[in-house]
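*Asks:* As input, take structure-v5.txt (compact mmCIF, N, CA and C atoms):
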```txt
# COMPACT_ATOMS: atom_id res chain seq x y z
N MET W 1 -7.59 16.64 70.89
CA MET W 1 -7.62 16.80 72.32
C MET W 1 -8.38 18.08 72.63
N LEU W 2 -8.99 18.11 73.81
CA LEU W 2 -9.64 19.32 74.28
C LEU W 2 -8.92 19.82 75.53
N CYS W 3 -8.55 21.07 75.52
CA CYS W 3 -7.93 21.73 76.67
C CYS W 3 -8.70 23.00 76.93
N SER W 4 -9.37 23.07 78.06
CA SER W 4 -10.15 24.25 78.42
C SER W 4 -11.10 24.65 77.29
N ASN W 5 -11.81 23.66 76.75
CA ASN W 5 -12.78 23.85 75.67
C ASN W 5 -12.16 24.35 74.37
N VAL W 6 -10.86 24.14 74.18
CA VAL W 6 -10.17 24.49 72.95
C VAL W 6 -9.68 23.19 72.32
N ALA W 7 -10.03 22.98 71.04
CA ALA W 7 -9.58 21.78 70.34
C ALA W 7 -8.12 21.95 69.95
N LYS W 8 -7.31 20.94 70.21
CA LYS W 8 -5.90 20.97 69.85
C LYS W 8 -5.57 19.72 69.05
N LEU W 9 -4.73 19.90 68.06
CA LEU W 9 -4.34 18.81 67.19
C LEU W 9 -3.12 18.10 67.77
N ALA W 10 -3.13 16.78 67.74
CA ALA W 10 -1.99 16.02 68.23
C ALA W 10 -1.81 14.79 67.35
N ASP W 11 -0.56 14.42 67.14
CA ASP W 11 -0.25 13.23 66.37
C ASP W 11 0.97 12.60 67.03
N PHE W 12 0.77 11.47 67.65
CA PHE W 12 1.87 10.82 68.36
C PHE W 12 2.38 9.59 67.64
N GLY W 13 2.14 9.51 66.34
CA GLY W 13 2.54 8.35 65.56
C GLY W 13 4.03 8.05 65.63
N TYR W 14 4.87 9.06 65.57
CA TYR W 14 6.31 8.87 65.64
C TYR W 14 6.90 9.72 66.75
N ALA W 15 6.18 9.84 67.84
CA ALA W 15 6.60 10.70 68.94
C ALA W 15 7.96 10.26 69.49
N THR W 16 8.80 11.23 69.74
CA THR W 16 10.12 10.99 70.29
C THR W 16 10.59 12.25 70.99
N ARG W 17 11.58 12.14 71.82
CA ARG W 17 12.13 13.32 72.48
C ARG W 17 12.81 14.20 71.44
N CYS W 18 12.59 15.50 71.56
CA CYS W 18 13.20 16.45 70.63
C CYS W 18 14.28 17.28 71.29
N LEU W 19 14.29 17.27 72.63
CA LEU W 19 15.29 18.04 73.38
C LEU W 19 15.98 17.13 74.38
N ASP W 20 17.28 17.35 74.56
CA ASP W 20 18.00 16.59 75.57
C ASP W 20 17.82 17.26 76.94
N THR W 21 18.47 16.74 77.96
CA THR W 21 18.31 17.27 79.32
C THR W 21 18.82 18.69 79.47
N LYS W 22 19.63 19.15 78.53
CA LYS W 22 20.14 20.53 78.58
C LYS W 22 19.34 21.47 77.69
N GLY W 23 18.27 20.95 77.08
CA GLY W 23 17.43 21.77 76.22
C GLY W 23 17.94 21.90 74.79
N GLN W 24 18.92 21.10 74.42
CA GLN W 24 19.45 21.12 73.06
C GLN W 24 18.63 20.19 72.16
N VAL W 25 18.46 20.59 70.91
CA VAL W 25 17.67 19.80 69.96
C VAL W 25 18.35 18.47 69.68
N ILE W 26 17.57 17.42 69.72
CA ILE W 26 18.03 16.09 69.31
C ILE W 26 17.59 15.91 67.86
N LEU W 27 18.54 15.80 66.96
CA LEU W 27 18.22 15.65 65.55
C LEU W 27 17.57 14.29 65.30
N SER W 28 16.67 14.26 64.35
CA SER W 28 15.94 13.04 64.04
C SER W 28 16.56 12.31 62.85
N THR W 29 16.53 11.00 62.93
CA THR W 29 16.92 10.17 61.79
C THR W 29 15.72 9.33 61.34
N ASN W 30 14.54 9.71 61.80
CA ASN W 30 13.31 9.03 61.44
C ASN W 30 12.77 9.66 60.15
N PHE W 31 12.73 8.90 59.09
CA PHE W 31 12.27 9.43 57.82
C PHE W 31 10.91 8.86 57.42
N CYS W 32 10.18 8.33 58.42
CA CYS W 32 8.84 7.80 58.18
C CYS W 32 7.82 8.93 58.23
N GLY W 33 6.64 8.67 57.72
CA GLY W 33 5.56 9.65 57.78
C GLY W 33 4.81 9.73 56.48
N THR W 34 3.73 10.47 56.50
CA THR W 34 2.88 10.65 55.33
C THR W 34 3.55 11.63 54.37
N MET W 35 3.81 11.18 53.17
CA MET W 35 4.60 11.94 52.20
C MET W 35 4.06 13.35 51.97
N GLU W 36 2.74 13.49 51.89
CA GLU W 36 2.15 14.80 51.60
C GLU W 36 2.49 15.85 52.64
N TYR W 37 2.78 15.42 53.87
CA TYR W 37 3.02 16.35 54.97
C TYR W 37 4.50 16.51 55.33
N LYS W 38 5.37 15.80 54.65
CA LYS W 38 6.79 15.80 55.02
C LYS W 38 7.52 17.05 54.56
N ALA W 39 8.39 17.52 55.44
CA ALA W 39 9.27 18.64 55.10
C ALA W 39 10.34 18.14 54.14
N PRO W 40 10.90 19.04 53.33
CA PRO W 40 11.89 18.59 52.34
C PRO W 40 13.10 17.91 52.98
N GLU W 41 13.51 18.37 54.16
CA GLU W 41 14.66 17.74 54.81
C GLU W 41 14.35 16.32 55.27
N ALA W 42 13.09 16.01 55.50
CA ALA W 42 12.69 14.64 55.88
C ALA W 42 12.48 13.77 54.65
N ILE W 43 12.22 14.38 53.52
CA ILE W 43 12.07 13.62 52.27
C ILE W 43 13.42 13.17 51.76
N ARG W 44 14.41 14.03 51.87
CA ARG W 44 15.74 13.71 51.31
C ARG W 44 16.41 12.52 51.93
N CYS W 45 16.20 12.33 53.23
CA CYS W 45 16.77 11.17 53.94
C CYS W 45 18.29 11.09 53.85
N THR W 46 18.98 12.24 53.81
CA THR W 46 20.43 12.20 53.67
C THR W 46 21.17 12.50 54.96
N LYS W 47 20.53 13.24 55.87
CA LYS W 47 21.20 13.56 57.13
C LYS W 47 20.15 13.84 58.19
N PRO W 48 20.52 13.70 59.46
CA PRO W 48 19.58 14.01 60.54
C PRO W 48 19.07 15.45 60.44
N TYR W 49 17.85 15.67 60.88
CA TYR W 49 17.22 16.98 60.76
C TYR W 49 16.53 17.36 62.07
N ASN W 50 16.22 18.65 62.19
CA ASN W 50 15.53 19.16 63.38
C ASN W 50 14.04 18.80 63.25
N PRO W 51 13.54 17.90 64.09
CA PRO W 51 12.16 17.45 63.94
C PRO W 51 11.14 18.54 64.25
N MET W 52 11.48 19.47 65.11
CA MET W 52 10.54 20.54 65.44
C MET W 52 10.35 21.48 64.24
N MET W 53 11.42 21.73 63.51
CA MET W 53 11.30 22.59 62.33
C MET W 53 10.58 21.86 61.20
N ALA W 54 10.80 20.55 61.10
CA ALA W 54 10.07 19.76 60.10
C ALA W 54 8.58 19.76 60.43
N ASP W 55 8.24 19.71 61.72
CA ASP W 55 6.84 19.77 62.13
C ASP W 55 6.21 21.11 61.76
N CYS W 56 6.98 22.18 61.79
CA CYS W 56 6.45 23.50 61.40
C CYS W 56 6.08 23.51 59.92
N PHE W 57 6.90 22.87 59.10
CA PHE W 57 6.57 22.75 57.68
C PHE W 57 5.27 21.95 57.54
N SER W 58 5.18 20.85 58.26
CA SER W 58 3.98 20.01 58.21
C SER W 58 2.75 20.79 58.69
N LEU W 59 2.93 21.65 59.66
CA LEU W 59 1.84 22.49 60.13
C LEU W 59 1.36 23.41 59.01
N GLY W 60 2.29 23.94 58.21
CA GLY W 60 1.93 24.75 57.07
C GLY W 60 1.11 23.96 56.06
N ILE W 61 1.50 22.71 55.82
CA ILE W 61 0.74 21.84 54.91
C ILE W 61 -0.67 21.64 55.47
N LEU W 62 -0.76 21.32 56.75
CA LEU W 62 -2.05 21.08 57.38
C LEU W 62 -2.94 22.32 57.30
N LEU W 63 -2.39 23.47 57.57
CA LEU W 63 -3.17 24.71 57.49
C LEU W 63 -3.66 24.94 56.06
N PHE W 64 -2.79 24.73 55.09
CA PHE W 64 -3.17 24.88 53.69
C PHE W 64 -4.34 23.95 53.35
N VAL W 65 -4.24 22.70 53.76
CA VAL W 65 -5.28 21.71 53.48
C VAL W 65 -6.59 22.10 54.18
N MET W 66 -6.49 22.60 55.39
CA MET W 66 -7.70 22.96 56.13
C MET W 66 -8.47 24.10 55.45
N VAL W 67 -7.77 25.04 54.86
CA VAL W 67 -8.46 26.18 54.26
C VAL W 67 -8.79 25.99 52.77
N THR W 68 -8.10 25.08 52.08
CA THR W 68 -8.34 24.90 50.64
C THR W 68 -8.91 23.53 50.28
N HIS W 69 -8.79 22.57 51.17
CA HIS W 69 -9.22 21.19 50.92
C HIS W 69 -8.39 20.51 49.84
N GLU W 70 -7.16 20.96 49.66
CA GLU W 70 -6.24 20.32 48.72
C GLU W 70 -4.81 20.47 49.25
N PHE W 71 -3.91 19.67 48.71
CA PHE W 71 -2.51 19.74 49.13
C PHE W 71 -1.76 20.75 48.26
N PRO W 72 -0.83 21.49 48.86
CA PRO W 72 -0.11 22.51 48.08
C PRO W 72 0.86 21.93 47.06
N PHE W 73 1.37 20.72 47.29
CA PHE W 73 2.39 20.15 46.41
C PHE W 73 1.98 18.83 45.79
N GLY W 74 0.70 18.53 45.76
CA GLY W 74 0.24 17.28 45.17
C GLY W 74 0.06 16.20 46.22
N SER W 75 -0.57 15.11 45.79
CA SER W 75 -0.85 14.02 46.73
C SER W 75 -1.13 12.73 45.97
N GLY W 76 -1.29 11.68 46.73
CA GLY W 76 -1.70 10.39 46.17
C GLY W 76 -0.59 9.62 45.48
N ASN W 77 -1.01 8.74 44.59
CA ASN W 77 -0.07 7.84 43.91
C ASN W 77 0.96 8.58 43.07
N GLU W 78 0.64 9.79 42.62
CA GLU W 78 1.58 10.53 41.78
C GLU W 78 2.90 10.84 42.49
N ILE W 79 2.91 10.87 43.82
CA ILE W 79 4.16 11.14 44.54
C ILE W 79 4.71 9.89 45.21
N ARG W 80 4.18 8.73 44.86
CA ARG W 80 4.60 7.49 45.49
C ARG W 80 5.53 6.66 44.61
N THR W 81 6.01 7.24 43.54
CA THR W 81 7.03 6.60 42.72
C THR W 81 8.32 7.39 42.88
N ARG W 82 9.43 6.82 42.48
CA ARG W 82 10.71 7.54 42.59
C ARG W 82 10.67 8.84 41.79
N GLU W 83 10.18 8.76 40.55
CA GLU W 83 10.09 9.95 39.71
C GLU W 83 9.11 10.98 40.30
N GLY W 84 7.97 10.49 40.76
CA GLY W 84 6.98 11.38 41.36
C GLY W 84 7.49 12.05 42.62
N LEU W 85 8.24 11.30 43.42
CA LEU W 85 8.81 11.87 44.64
C LEU W 85 9.85 12.94 44.32
N LEU W 86 10.67 12.70 43.30
CA LEU W 86 11.65 13.70 42.89
C LEU W 86 10.97 14.99 42.43
N LEU W 87 9.89 14.87 41.68
CA LEU W 87 9.13 16.04 41.24
C LEU W 87 8.47 16.74 42.43
N HIS W 88 7.94 15.96 43.35
CA HIS W 88 7.33 16.50 44.57
C HIS W 88 8.36 17.31 45.36
N TYR W 89 9.54 16.73 45.55
CA TYR W 89 10.62 17.40 46.27
C TYR W 89 11.02 18.70 45.55
N GLU W 90 11.11 18.64 44.24
CA GLU W 90 11.47 19.82 43.45
C GLU W 90 10.40 20.92 43.59
N ASP W 91 9.14 20.53 43.56
CA ASP W 91 8.06 21.51 43.75
C ASP W 91 8.17 22.20 45.11
N ILE W 92 8.49 21.43 46.14
CA ILE W 92 8.63 22.01 47.48
C ILE W 92 9.81 22.96 47.52
N THR W 93 10.96 22.52 47.04
CA THR W 93 12.16 23.35 47.15
C THR W 93 12.09 24.59 46.26
N GLN W 94 11.27 24.54 45.22
CA GLN W 94 11.10 25.72 44.36
C GLN W 94 9.85 26.53 44.72
N LYS W 95 9.25 26.18 45.85
CA LYS W 95 8.08 26.90 46.38
C LYS W 95 6.94 26.98 45.36
N LYS W 96 6.67 25.86 44.71
CA LYS W 96 5.64 25.83 43.66
C LYS W 96 4.26 25.52 44.23
N TRP W 97 3.82 26.35 45.14
CA TRP W 97 2.44 26.24 45.59
C TRP W 97 1.74 27.54 45.27
N ARG W 98 0.47 27.44 45.00
CA ARG W 98 -0.29 28.61 44.57
C ARG W 98 -1.34 28.96 45.62
N PRO W 99 -1.44 30.25 45.92
CA PRO W 99 -2.52 30.65 46.84
C PRO W 99 -3.87 30.51 46.13
N THR W 100 -4.72 29.66 46.66
CA THR W 100 -6.04 29.46 46.10
C THR W 100 -7.09 29.78 47.16
N GLY W 101 -8.31 29.93 46.74
CA GLY W 101 -9.41 30.17 47.67
C GLY W 101 -9.16 31.34 48.57
N VAL W 102 -9.38 31.13 49.84
CA VAL W 102 -9.26 32.20 50.83
C VAL W 102 -7.83 32.73 50.93
N ILE W 103 -6.84 31.92 50.58
CA ILE W 103 -5.44 32.37 50.67
C ILE W 103 -5.19 33.53 49.71
N GLN W 104 -5.89 33.56 48.59
CA GLN W 104 -5.72 34.65 47.62
C GLN W 104 -6.17 35.99 48.18
N THR W 105 -7.14 35.98 49.06
CA THR W 105 -7.71 37.22 49.55
C THR W 105 -7.24 37.59 50.96
N ASP W 106 -6.58 36.68 51.64
CA ASP W 106 -6.15 36.93 53.02
C ASP W 106 -4.63 37.04 53.08
N LEU W 107 -4.12 38.25 53.04
CA LEU W 107 -2.67 38.48 53.02
C LEU W 107 -1.99 37.94 54.28
N LYS W 108 -2.64 38.04 55.42
CA LYS W 108 -2.04 37.54 56.67
C LYS W 108 -1.87 36.02 56.62
N LEU W 109 -2.86 35.33 56.11
CA LEU W 109 -2.78 33.88 55.96
C LEU W 109 -1.70 33.51 54.96
N TYR W 110 -1.66 34.22 53.85
CA TYR W 110 -0.64 33.97 52.83
C TYR W 110 0.76 34.14 53.41
N CYS W 111 0.98 35.20 54.17
CA CYS W 111 2.30 35.44 54.77
C CYS W 111 2.67 34.33 55.76
N LEU W 112 1.71 33.89 56.56
CA LEU W 112 1.96 32.81 57.50
C LEU W 112 2.35 31.53 56.75
N LEU W 113 1.62 31.21 55.71
CA LEU W 113 1.93 30.01 54.93
C LEU W 113 3.30 30.11 54.25
N CYS W 114 3.63 31.28 53.74
CA CYS W 114 4.96 31.46 53.13
C CYS W 114 6.07 31.17 54.13
N GLN W 115 5.86 31.57 55.35
CA GLN W 115 6.89 31.36 56.37
C GLN W 115 6.95 29.91 56.85
N LEU W 116 5.80 29.25 56.94
CA LEU W 116 5.78 27.85 57.36
C LEU W 116 6.23 26.90 56.25
N LEU W 117 5.87 27.21 55.01
CA LEU W 117 6.20 26.34 53.89
C LEU W 117 7.54 26.68 53.24
N ASN W 118 8.36 27.41 53.96
CA ASN W 118 9.68 27.76 53.44
C ASN W 118 10.56 26.51 53.44
N PRO W 119 11.09 26.11 52.31
CA PRO W 119 11.92 24.90 52.27
C PRO W 119 13.27 25.07 52.98
N GLU W 120 13.68 26.30 53.21
CA GLU W 120 14.94 26.56 53.92
C GLU W 120 14.69 26.56 55.42
N VAL W 121 15.22 25.56 56.11
CA VAL W 121 14.97 25.40 57.54
C VAL W 121 15.36 26.66 58.31
N LYS W 122 16.48 27.26 57.97
CA LYS W 122 16.96 28.44 58.71
C LYS W 122 16.06 29.65 58.51
N GLU W 123 15.24 29.65 57.46
CA GLU W 123 14.34 30.76 57.19
C GLU W 123 12.90 30.48 57.63
N ARG W 124 12.60 29.23 57.94
CA ARG W 124 11.25 28.82 58.35
C ARG W 124 10.99 29.31 59.77
N ILE W 125 9.76 29.72 60.05
CA ILE W 125 9.45 30.17 61.40
C ILE W 125 9.19 28.96 62.31
N THR W 126 9.41 29.19 63.59
CA THR W 126 9.17 28.17 64.60
C THR W 126 7.70 28.17 64.99
N ALA W 127 7.30 27.17 65.74
CA ALA W 127 5.92 27.11 66.22
C ALA W 127 5.63 28.31 67.12
N ARG W 128 6.57 28.65 67.95
CA ARG W 128 6.39 29.80 68.85
C ARG W 128 6.20 31.09 68.04
N GLN W 129 6.95 31.25 66.97
CA GLN W 129 6.81 32.43 66.11
C GLN W 129 5.47 32.40 65.36
N ALA W 130 5.05 31.22 64.95
CA ALA W 130 3.78 31.09 64.23
C ALA W 130 2.60 31.51 65.12
N LEU W 131 2.69 31.18 66.39
CA LEU W 131 1.58 31.47 67.31
C LEU W 131 1.34 32.97 67.52
N VAL W 132 2.32 33.79 67.21
CA VAL W 132 2.15 35.24 67.39
C VAL W 132 1.91 35.97 66.06
N GLN W 133 1.77 35.21 64.97
CA GLN W 133 1.50 35.83 63.66
C GLN W 133 0.10 36.44 63.69
N SER W 134 -0.04 37.56 62.98
CA SER W 134 -1.29 38.32 63.04
C SER W 134 -2.51 37.52 62.57
N TRP W 135 -2.33 36.56 61.66
CA TRP W 135 -3.49 35.77 61.22
C TRP W 135 -4.08 34.97 62.37
N LEU W 136 -3.23 34.51 63.28
CA LEU W 136 -3.71 33.75 64.43
C LEU W 136 -4.13 34.63 65.59
N VAL W 137 -3.52 35.78 65.72
CA VAL W 137 -3.76 36.64 66.87
C VAL W 137 -4.96 37.56 66.68
N ASP W 138 -5.11 38.12 65.47
CA ASP W 138 -6.19 39.10 65.22
C ASP W 138 -7.56 38.46 65.24
```
Could you show the structure in this file as structure tokens?

*Replies:*
Amino acid sequence: MLCSNVAKLADFGYATRCLDTKGQVILSTNFCGTMEYKAPEAIRCTKPYNPMMADCFSLGILLFVMVTHEFPFGSGNEIRTREGLLLHYEDITQKKWRPTGVIQTDLKLYCLLCQLLNPEVKERITARQALVQSWLVD
């Protein structure tokens, strides 16, 4: 989408309300989506999760892919089997991604990715917090 000559990313594939009429988060039970971009809480499929925080993890994946042209935790058929998915989930929860390319030399980008790709939802930054990170602001 273009807004005031600024390109913005949008994906309405599984769009749903995230807040109720009182502004409280509506937890998601939708476990569909592209495996490479899914947050660990959406991969587990064991309990409803905060979709906005899962989107922040996905944003971290997208940012990583945009700057490195590769996925931080693997991709393709290797994660499409039960065993592969378990290994994929383990890599995410153990933070097994490596700073490559520009991420190795840009500390601000590295810090932003660490915060977005945090497998702990309570420690992951929100979209609002991401927008004020120095890598995006400077």

*Asks:* Measuring atom to atom with only N, CA and C atoms, identify which of W:Met1, W:Pro40, W:Tyr110, W:Glu78 is nearest to Ala54 of chain W.

*Replies:*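 Nearest to Ala54 of chain W: W:Pro40.
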
*Asks:* Taking (-3.3, 16.3, 53.7) in the file's coordinates, which residues come within 7 Å, counting only N, CA and C atoms, written as a list in words?

*Replies:* Glu36, Tyr37, Ile61, Leu62, Val65, Glu70 and Phe71 of chain W

*Asks:* Can you tell me which residues surround Thr29 of chain W at a distance of at most 10 Å, considering only C-alpha atoms, apart from same-chain residues fewer than 2 positions away, and format the answer as an NGL selection string?

*Replies:* :W and (26-27 or 31-32 or 42 or 45-51)

*Asks:* Could you put an axis-aligned box around every listed atom of segment 31-46 of chain W, padded by 6 Å on each side, and send me its centre and edge lengths in Å to one decimal, as JSON?

*Replies:*
```
{"center_x": 11.7, "center_y": 13.4, "center_z": 55.2, "size_x": 31.0, "size_y": 23.2, "size_z": 19.8}
```

*Asks:* Can you pull out every residue within 12 Å of Gln115 of chain W, counting only C-alpha atoms, but drop anything in the same chain fewer than 2 positions away, and send it as a list in words?

*Replies:* Met53, Cys56, Phe57, Ser58, Leu59, Gly60, Ile61, Lys95, Lys108, Leu109, Tyr110, Cys111, Leu112, Leu113, Leu117, Asn118, Pro119, Glu120, Val121, Lys122, Glu123, Arg124, Ile125, Thr126, Ala127, Gln129, Ala130 and Gln133 of chain W

*Asks:* Identify, with DSSP run on backbone atoms, the residues in segment 13-125 of chain W assigned to helix (DSSP H, G or I), and express the list as a PyMOL selection string.

*Replies:* chain W and resi 35-37+40-44+51-68+76-79+82-93+102-105+107-116+121-123

*Asks:* Let me make sure I understand: among W:Leu107, W:Lys22, W:Pro99, W:Asn5, which one has the smallest atom-to-atom distance to Val67 of chain W if we use only C-alpha atoms?

*Replies:*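 Of the candidates, the smallest distance to Val67 of chain W is held by W:Pro99.
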
*Asks:* Where does DSSP see strand (DSSP E or B) in chain W, if you list the residues as a count of residues only?

*Replies:* 8

*Asks:* So which residues touch Val102 of chain W within 6.5 Å, counting only N, CA and C atoms, skipping near sequence neighbours fewer than 2 positions away, as an mmCIF file with N, CA and C atoms, in the coordinates of the input?

*Replies:*
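Saved to out_13.cif:
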```
data_model
loop_
_atom_site.group_PDB
_atom_site.id
_atom_site.type_symbol
_atom_site.label_atom_id
_atom_site.label_comp_id
_atom_site.auth_asym_id
_atom_site.auth_seq_id
_atom_site.Cartn_x
_atom_site.Cartn_y
_atom_site.Cartn_z
ATOM 1 N N VAL W 67 -7.770 25.040 54.860
ATOM 2 C CA VAL W 67 -8.460 26.180 54.260
ATOM 3 C C VAL W 67 -8.790 25.990 52.770
ATOM 4 N N THR W 68 -8.100 25.080 52.080
ATOM 5 C CA THR W 68 -8.340 24.900 50.640
ATOM 6 C C THR W 68 -8.910 23.530 50.280
ATOM 7 N N THR W 100 -4.720 29.660 46.660
ATOM 8 C CA THR W 100 -6.040 29.460 46.100
ATOM 9 C C THR W 100 -7.090 29.780 47.160
ATOM 10 N N GLN W 104 -5.890 33.560 48.590
ATOM 11 C CA GLN W 104 -5.720 34.650 47.620
ATOM 12 C C GLN W 104 -6.170 35.990 48.180
ATOM 13 N N THR W 105 -7.140 35.980 49.060
ATOM 14 C CA THR W 105 -7.710 37.220 49.550
ATOM 15 C C THR W 105 -7.240 37.590 50.960
ATOM 16 N N ASP W 106 -6.580 36.680 51.640
ATOM 17 C CA ASP W 106 -6.150 36.930 53.020
ATOM 18 C C ASP W 106 -4.630 37.040 53.080
#
```

*Asks:* I'd like the interatomic distance between atom C of His69 of chain W and atom N of Gly101 of chain W, to a tenth of an Å.

*Replies:* 9.9 Å

*Asks:* Report, in Å with one decimal, the straight-line distance from atom CA of Val132 of chain W to atom CA of Gln24 of chain W.

*Replies:*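 Computed distance, atom CA of Val132 of chain W to atom CA of Gln24 of chain W, equals 23.0 Å.
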
*Asks:* Kindly give the distance, in Å, that separates atom N of Trp97 of chain W and atom N of Phe73 of chain W, rounded to a single decimal.

*Replies:* 6.5 Å

*Asks:* I'd like to know which of W:Leu19, W:Cys3, W:Ile43, W:Leu9 is closest to Glu90 of chain W, using only C-alpha atoms.

*Replies:*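 Among W:Leu19, W:Cys3, W:Ile43, W:Leu9, it is W:Ile43 that comes nearest to Glu90 of chain W.
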
*Asks:* Between W:Val6, W:Ile103, W:Val137, W:Met35, which is the closest to Gly76 of chain W once you count all atoms listed in the file?

*Replies:*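 With all atoms listed in the file as the atom set, the closest residue is W:Met35.
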